[in-house]
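J.: Structure below; questions to follow.
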Amino acid sequence: MAPNGISPRPGWPAINFFFNTEVDESGSIVSGESWSRPGDYVLLKAHQDLLCASSACPDDIDPVNGWHPTAIHVRIYSAEENFPQAIGRRSARELPLRLTQESAFTGRVRSLTQNLAEYNSFWVPMSYAHQGDHTEYWALRERVALMDLSALRKFEVTGADALALLQWTFSRNVAKLAVGQSAYGCLLNPHGGIIDDGIVFRKGE
């Protein structure tokens with residue numbers, strides 16, 4: 001690549017996008033067995049001129065398509081093209097890809113801040129511009145806060161042992177709840193540690 005002004009170096013940063021690759025919280029690149037399918041894609045935005053080299057190869061530890069590599073199509077768009085940002089995830093190998101969603105509130109949130117992060121497949125605000133952590137904290141404590149709960153997961157627990165299961169895993173005595181009542185508490189692990197908080201609604205006997 002020397003004719004293109006690229007000098008030699010002993011190692012190159014590389015990401016195998018279709019090897020179930022991610023960057024963990026410490027900044028390390030980790031990967032597992034691929035869950036990708038034909039038609040899956042990765043969209044990158046360049047903030048400066050780049051010279052890109054693309055390769056695809058089977059290796060001696062992963063039987064990629066029975067040791068036969070799959071062709072990858074590379075498409076380059078003009079700088080004027082605009083694409084919405086999204087993260088695609090499969091919660092299991094056999095499930096379809098789910099892209100990050102916007103809730104009914106996201107448009108208004110974007111008019112106040114661009115600092116959004118993905119949470120449970122939804123875009124949620126991390127902070128608001130020109131406010132600061134202290135201002136947001138005291139607004140929550142002393143005035144009013146409107147929170148978008150679209151990203152929170154809901155589980156329906158049914159069956160003859162539903163009450164016993166919730167008594168074992170939830171920090172409140174759900175047996176005291178009448179049908180139509182709810183209680184706030186915590187979901188616990190087997191050692192009594194907190195996994196997350198939540199609300200249990202008793203919708204039936």
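Residue numbering restarts at 1 in every chain; chains get A, B, ... in the order shown in the structure tokens, and ligands count up from 1 in that same order.
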For Met1 (chain A), list every protein, DNA or RNA residue within 12 Å, evaluated using only C-alpha atoms, and leave out those in the same chain fewer than 5 positions away; present the list as an MDAnalysis selection string.
T.: chainID A and resid 6:9 51:53
J.: Can you tell me which residues surround Gly204 (chain A) at a distance of at most 12 Å, considering only C-alpha atoms, apart from same-chain residues fewer than 5 positions away, and format the answer as a ChimeraX atom specification?
T.: /A:156-160,162-163,175,177-182
J.: Restricted to C-alpha atoms, what would the selected residues look like written as a CSV table (one decimal), in the first residue's frame?
T.:
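Resulting contents of result37.csv:
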```csv
chain,number,residue,atom,x,y,z
A,156,GLU,CA,-46.3,-11.7,31.8
A,157,VAL,CA,-46.0,-14.5,34.4
A,158,THR,CA,-48.8,-17.1,34.1
A,159,GLY,CA,-49.6,-20.6,35.3
A,160,ALA,CA,-50.3,-22.4,38.5
A,162,ALA,CA,-46.8,-17.9,39.0
A,163,LEU,CA,-47.4,-16.6,42.6
A,175,ALA,CA,-49.6,-12.6,48.0
A,177,LEU,CA,-51.9,-7.9,46.4
A,178,ALA,CA,-55.5,-8.0,45.4
A,179,VAL,CA,-56.4,-8.5,41.7
A,180,GLY,CA,-55.9,-5.1,40.1
A,181,GLN,CA,-53.3,-3.9,42.6
A,182,SER,CA,-49.5,-3.4,42.0
```
J.: Counting only C-alpha atoms, which residue out of A:Val23, A:Leu99, A:Val42, A:Ile199 sits closest to Phe155 (chain A)?
T.: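 Checking each candidate against Phe155 (chain A), we get A:Ile199 as the closest.
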J.: List every residue of region 124-163 of chain A that DSSP, applied to the backbone of this structure, assigns to helix (DSSP H, G or I), and report them as a list in words.
T.: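 Helix (DSSP H, G or I) members of region 124-163 of chain A, listed: Asp133, His134, Thr135, Glu136, Tyr137, Trp138, Ala139, Leu140, Arg141, Glu142, Ala162 and Leu163 of chain A.
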J.: If you keep N, CA and C atoms, can you produce a file of those selected residues as a PDB file, in the first residue's frame?
T.:
```pdb
ATOM      1  N   ASP A 133     -25.322  17.879  35.107  1.00  0.00           N
ATOM      2  CA  ASP A 133     -25.816  16.838  36.004  1.00  0.00           C
ATOM      3  C   ASP A 133     -26.520  17.412  37.231  1.00  0.00           C
ATOM      4  N   HIS A 134     -25.965  18.464  37.829  1.00  0.00           N
ATOM      5  CA  HIS A 134     -26.556  19.013  39.043  1.00  0.00           C
ATOM      6  C   HIS A 134     -27.934  19.615  38.767  1.00  0.00           C
ATOM      7  N   THR A 135     -28.047  20.338  37.648  1.00  0.00           N
ATOM      8  CA  THR A 135     -29.335  20.937  37.305  1.00  0.00           C
ATOM      9  C   THR A 135     -30.386  19.864  37.072  1.00  0.00           C
ATOM     10  N   GLU A 136     -30.011  18.811  36.361  1.00  0.00           N
ATOM     11  CA  GLU A 136     -30.969  17.734  36.098  1.00  0.00           C
ATOM     12  C   GLU A 136     -31.355  17.028  37.403  1.00  0.00           C
ATOM     13  N   TYR A 137     -30.388  16.839  38.285  1.00  0.00           N
ATOM     14  CA  TYR A 137     -30.673  16.171  39.551  1.00  0.00           C
ATOM     15  C   TYR A 137     -31.683  16.971  40.369  1.00  0.00           C
ATOM     16  N   TRP A 138     -31.456  18.272  40.507  1.00  0.00           N
ATOM     17  CA  TRP A 138     -32.353  19.078  41.339  1.00  0.00           C
ATOM     18  C   TRP A 138     -33.701  19.294  40.674  1.00  0.00           C
ATOM     19  N   ALA A 139     -33.739  19.258  39.345  1.00  0.00           N
ATOM     20  CA  ALA A 139     -35.035  19.310  38.665  1.00  0.00           C
ATOM     21  C   ALA A 139     -35.856  18.075  39.012  1.00  0.00           C
ATOM     22  N   LEU A 140     -35.188  16.936  39.079  1.00  0.00           N
ATOM     23  CA  LEU A 140     -35.868  15.689  39.438  1.00  0.00           C
ATOM     24  C   LEU A 140     -36.317  15.698  40.897  1.00  0.00           C
ATOM     25  N   ARG A 141     -35.496  16.275  41.782  1.00  0.00           N
ATOM     26  CA  ARG A 141     -35.801  16.255  43.210  1.00  0.00           C
ATOM     27  C   ARG A 141     -36.827  17.316  43.610  1.00  0.00           C
ATOM     28  N   GLU A 142     -36.788  18.498  42.981  1.00  0.00           N
ATOM     29  CA  GLU A 142     -37.572  19.618  43.469  1.00  0.00           C
ATOM     30  C   GLU A 142     -38.693  20.063  42.537  1.00  0.00           C
ATOM     31  N   ALA A 162     -47.185 -19.244  39.217  1.00  0.00           N
ATOM     32  CA  ALA A 162     -46.785 -17.853  39.011  1.00  0.00           C
ATOM     33  C   ALA A 162     -46.573 -17.135  40.340  1.00  0.00           C
ATOM     34  N   LEU A 163     -47.503 -17.310  41.273  1.00  0.00           N
ATOM     35  CA  LEU A 163     -47.383 -16.644  42.570  1.00  0.00           C
ATOM     36  C   LEU A 163     -46.146 -17.132  43.319  1.00  0.00           C
TER      37      LEU A 163
END
```
